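S.K.: Mind looking over this structure? Questions follow.
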Number of protein chains: 2
Amino acid sequence: MNSIFHRVSIRKYESRPIEKEKTELLLRAAMAAPSACNQQPWEFYVVTSAELREKLSKTTPYTAFAAEAPLVLVPAYRERGVVPQYFHIDMAAAVENILLEADALGLGACWMGIAPEPDRMADVKAILNMSDDLTPFCLISVGYPAEERPQQNRFELNRVHYLE
Amino acid sequence: MNSIFHRVSIRKYESRPIEKEKTELLLRAAMAAPSACNQQPWEFYVVTSAELREKLSKTTPYTAFAAEAPLVLVPAYRERGVVPQYFHIDMAAAVENILLEADALGLGACWMGIAPEPDRMADVKAILNMSDDLTPFCLISVGYPAEERPQQNRFELNRVHYLE
């Protein structure tokens, strides 16, 4: 599938905003992901506020560029599933869908880890004024790419074990 | 992207084997996933042995159908990354790529959780005779679909919070 083999982390963006239709497609892609027992623990913060993007960009040493992204998505999970031990795994599948859909729409994105780091989680939760039962999972910066590069080939045959 | 909005869990398969070229594309898709600090913790067991598929199918109450899949992939991770707290998250992104690539190739697949359940992890590790520093993450059954259904629309606008 083309986007799987084309997607790279993009950290430089044009300043133009993301169309609402494309933002919704990113969210639809996220919610199309599989989850353990179909528990769908996810909710999504769609942050276009410049003030909030600036604050989010300071929550880790590696996220300064997020302040310049026209859009920052913050997937979070609510404690509502039957198998909470799979919350992070479910969320990661949804995030990968967002990254791939962004590529398919001509957008660039970058996944920035928040969970399971307690300090980062507390900071993001406070900035977005999340309710007690919501936990932030990561940040995803999104914008039209202002950089371009080919995907690195990471395939390594010595990581594969055939049991025939 | 078409496969994101088409993929469903497929648990019934034709008996014909998966072509080696398609199996390799599934593995290439997995290794094209992003990972924290690009640590790429993954390795992959490609299980076509009927005896081993039968044993794997008994490691959880929900995986009996895997015995009838011509191929079972078992992603695992090695303790080699700089941020081990992201191993499960990295693995989940790679698994989602496999599921989407399977759909794009006309195959059906189903993700079965193993980690973080200690009993299941120990059983799968023993069946595949993994070395001490490898940990099984999940099972993925793969085959040509012998069932078909549309993807459920899981989009819910009340899970989205706009901060403008």
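Each chain in the structure tokens gets a letter, A, B, ..., in the order shown, and its residues are numbered from 1; ligands are numbered from 1 in order too.
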Can you check which residues of chain B have any atom within 7 Å of chain A? Use only C-alpha atoms and format it as JSON, numbers by chain.
M.R.: {"B": [1, 4, 5, 28, 29, 31, 32, 43, 44, 45, 46, 47, 48, 49, 85, 88, 89, 92, 93, 96, 97, 101, 104, 116, 154, 155, 159, 160, 161, 162, 163, 164]}
S.K.: Just list as a ChimeraX atom specification whatever in region 27-98 of chain B DSSP marks as helix (DSSP H, G or I).
M.R.: /B:27-31,36-38,50-56,64-68,84-98
S.K.: Pick out the residues sitting within 6 Å of Ala109 (chain A), and hand them over as a list in words; count only C-alpha atoms, and ignore anything fewer than 4 positions along from it in its own chain.
M.R.: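 Contacts, with the query itself left out: Ser9, Ile10, Ser141 and Val142 of chain A.
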S.K.: Keeping only C-alpha atoms, write the selected residues as an mmCIF file, in the first residue's frame.
M.R.:
```cif
data_model
loop_
_atom_site.group_PDB
_atom_site.id
_atom_site.type_symbol
_atom_site.label_atom_id
_atom_site.label_comp_id
_atom_site.auth_asym_id
_atom_site.auth_seq_id
_atom_site.Cartn_x
_atom_site.Cartn_y
_atom_site.Cartn_z
ATOM 1 C CA SER A 9 8.076 11.831 9.964
ATOM 2 C CA ILE A 10 7.594 15.427 8.759
ATOM 3 C CA SER A 141 1.699 17.477 14.556
ATOM 4 C CA VAL A 142 0.086 17.867 11.136
#
```
S.K.: Taking only region 13-118 of chain A into account, list the residues labelled strand (DSSP E) by DSSP (computed from the backbone), as a PyMOL selection string.
M.R.: chain A and resi 42-47+71-78+108-113
S.K.: Please provide the set of residues having any atom within 12 Å of Ala64 (chain A), restricted to only C-alpha atoms, with same-chain residues fewer than 4 positions apart removed, written as JSON, numbers by chain.
M.R.: {"A": [11, 12, 53, 54, 55, 56, 57, 58, 59, 60, 68, 69, 110, 112, 139, 141]}
S.K.: Produce a file of the selected residues containing all heavy atoms, as a compact mmCIF listing (two decimals), in the first residue's frame.
M.R.:
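Contents of again_38.txt, as written:
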```txt
# COMPACT_ATOMS: atom_id res chain seq x y z
N ARG A 11 8.53 17.27 10.04
CA ARG A 11 8.59 18.22 11.17
C ARG A 11 8.58 19.68 10.74
O ARG A 11 8.66 20.58 11.58
CB ARG A 11 9.84 17.93 12.02
CG ARG A 11 9.84 16.56 12.70
CD ARG A 11 11.08 16.35 13.56
NE ARG A 11 11.06 15.07 14.25
CZ ARG A 11 11.39 13.89 13.72
NH1 ARG A 11 11.78 13.84 12.46
NH2 ARG A 11 11.33 12.78 14.44
N LYS A 12 8.56 19.93 9.42
CA LYS A 12 8.48 21.31 8.90
C LYS A 12 7.23 21.43 8.04
O LYS A 12 6.99 20.57 7.18
CB LYS A 12 9.73 21.65 8.10
CG LYS A 12 10.99 21.68 8.94
CD LYS A 12 12.21 22.02 8.09
CE LYS A 12 13.47 22.04 8.96
NZ LYS A 12 14.70 22.18 8.14
N ARG A 53 -0.97 25.17 21.15
CA ARG A 53 0.09 24.47 20.41
C ARG A 53 1.47 24.83 20.96
O ARG A 53 2.35 23.99 21.10
CB ARG A 53 0.00 24.79 18.92
CG ARG A 53 -1.21 24.11 18.24
CD ARG A 53 -1.20 24.34 16.72
NE ARG A 53 -1.64 25.67 16.35
CZ ARG A 53 -0.88 26.61 15.78
NH1 ARG A 53 0.38 26.35 15.51
NH2 ARG A 53 -1.38 27.79 15.48
N GLU A 54 1.63 26.11 21.29
CA GLU A 54 2.89 26.57 21.87
C GLU A 54 3.15 25.87 23.22
O GLU A 54 4.26 25.39 23.47
CB GLU A 54 2.81 28.10 22.07
CG GLU A 54 3.95 28.72 22.84
CD GLU A 54 5.20 28.91 22.00
OE1 GLU A 54 5.09 28.82 20.75
OE2 GLU A 54 6.28 29.11 22.58
N LYS A 55 2.13 25.79 24.03
CA LYS A 55 2.31 25.12 25.34
C LYS A 55 2.61 23.63 25.16
O LYS A 55 3.48 23.07 25.83
CB LYS A 55 1.05 25.29 26.20
CG LYS A 55 0.88 26.70 26.76
CD LYS A 55 -0.38 26.80 27.62
CE LYS A 55 -0.54 28.20 28.21
NZ LYS A 55 -1.85 28.38 28.89
N LEU A 56 1.88 22.96 24.25
CA LEU A 56 2.12 21.53 24.02
C LEU A 56 3.54 21.29 23.53
O LEU A 56 4.17 20.28 23.87
CB LEU A 56 1.11 20.98 23.00
CG LEU A 56 -0.35 20.87 23.47
CD1 LEU A 56 -1.25 20.50 22.30
CD2 LEU A 56 -0.48 19.85 24.61
N SER A 57 4.05 22.21 22.73
CA SER A 57 5.38 22.01 22.12
C SER A 57 6.48 22.00 23.18
O SER A 57 7.61 21.59 22.89
CB SER A 57 5.65 23.10 21.09
OG SER A 57 5.99 24.33 21.72
N LYS A 58 6.17 22.46 24.39
CA LYS A 58 7.19 22.53 25.45
C LYS A 58 7.09 21.36 26.44
O LYS A 58 7.77 21.36 27.46
CB LYS A 58 7.05 23.86 26.19
CG LYS A 58 7.39 25.04 25.30
CD LYS A 58 7.16 26.37 25.98
CE LYS A 58 7.63 27.52 25.09
NZ LYS A 58 7.06 28.83 25.49
N THR A 59 6.25 20.39 26.14
CA THR A 59 6.05 19.31 27.11
C THR A 59 7.10 18.21 27.02
O THR A 59 7.15 17.33 27.88
CB THR A 59 4.65 18.66 26.95
OG1 THR A 59 4.48 18.24 25.60
CG2 THR A 59 3.55 19.66 27.30
N THR A 60 7.91 18.20 25.97
CA THR A 60 9.03 17.26 25.89
C THR A 60 10.22 18.00 25.27
O THR A 60 10.05 19.07 24.66
CB THR A 60 8.72 16.01 25.02
OG1 THR A 60 9.15 16.25 23.67
CG2 THR A 60 7.22 15.66 25.02
N GLU A 68 4.90 25.21 15.43
CA GLU A 68 4.76 25.75 14.08
C GLU A 68 3.83 24.92 13.20
O GLU A 68 3.61 25.26 12.04
CB GLU A 68 6.13 25.85 13.40
CG GLU A 68 7.19 26.58 14.23
CD GLU A 68 6.77 28.01 14.56
OE1 GLU A 68 6.10 28.63 13.72
OE2 GLU A 68 7.08 28.48 15.68
N ALA A 69 3.31 23.83 13.73
CA ALA A 69 2.35 23.02 12.95
C ALA A 69 0.97 23.66 13.04
O ALA A 69 0.54 24.04 14.13
CB ALA A 69 2.31 21.60 13.50
N CYS A 110 3.97 14.06 12.43
CA CYS A 110 5.00 13.46 13.28
C CYS A 110 4.39 13.02 14.60
O CYS A 110 3.63 13.76 15.23
CB CYS A 110 6.14 14.44 13.53
SG CYS A 110 7.53 13.70 14.41
N MET A 112 4.70 12.10 18.44
CA MET A 112 5.55 12.45 19.57
C MET A 112 5.04 11.73 20.81
O MET A 112 3.90 11.92 21.22
CB MET A 112 5.52 13.96 19.79
CG MET A 112 6.12 14.72 18.60
SD MET A 112 5.63 16.48 18.60
CE MET A 112 4.03 16.34 17.77
N LEU A 139 1.24 13.24 21.05
CA LEU A 139 0.95 14.41 20.22
C LEU A 139 1.21 14.01 18.77
O LEU A 139 2.14 13.25 18.49
CB LEU A 139 1.86 15.59 20.56
CG LEU A 139 1.99 16.00 22.03
CD1 LEU A 139 2.97 17.18 22.15
CD2 LEU A 139 0.64 16.36 22.63
N SER A 141 1.70 16.22 15.30
CA SER A 141 1.70 17.48 14.56
C SER A 141 1.33 17.18 13.11
O SER A 141 1.73 16.15 12.56
CB SER A 141 3.07 18.13 14.63
OG SER A 141 4.07 17.22 14.23
```
S.K.: Choose the residue, out of A:Gly108, A:Pro136, A:Pro17, A:Gly81, that has the smallest atom-to-atom separation from Met121 (chain A); count only C-alpha atoms.
M.R.: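 Closest residue, counting only C-alpha atoms: A:Pro136.
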S.K.: If you count only C-alpha atoms, which residues fall within 7 Å of Tyr13 (chain B), apart from same-chain ones fewer than 4 positions away, as a list of chain:residue names?
M.R.: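 Near neighbours after the sequence-gap exclusion: B:Ala69, B:Gly143, B:Tyr144, B:Pro145, B:Ala146.
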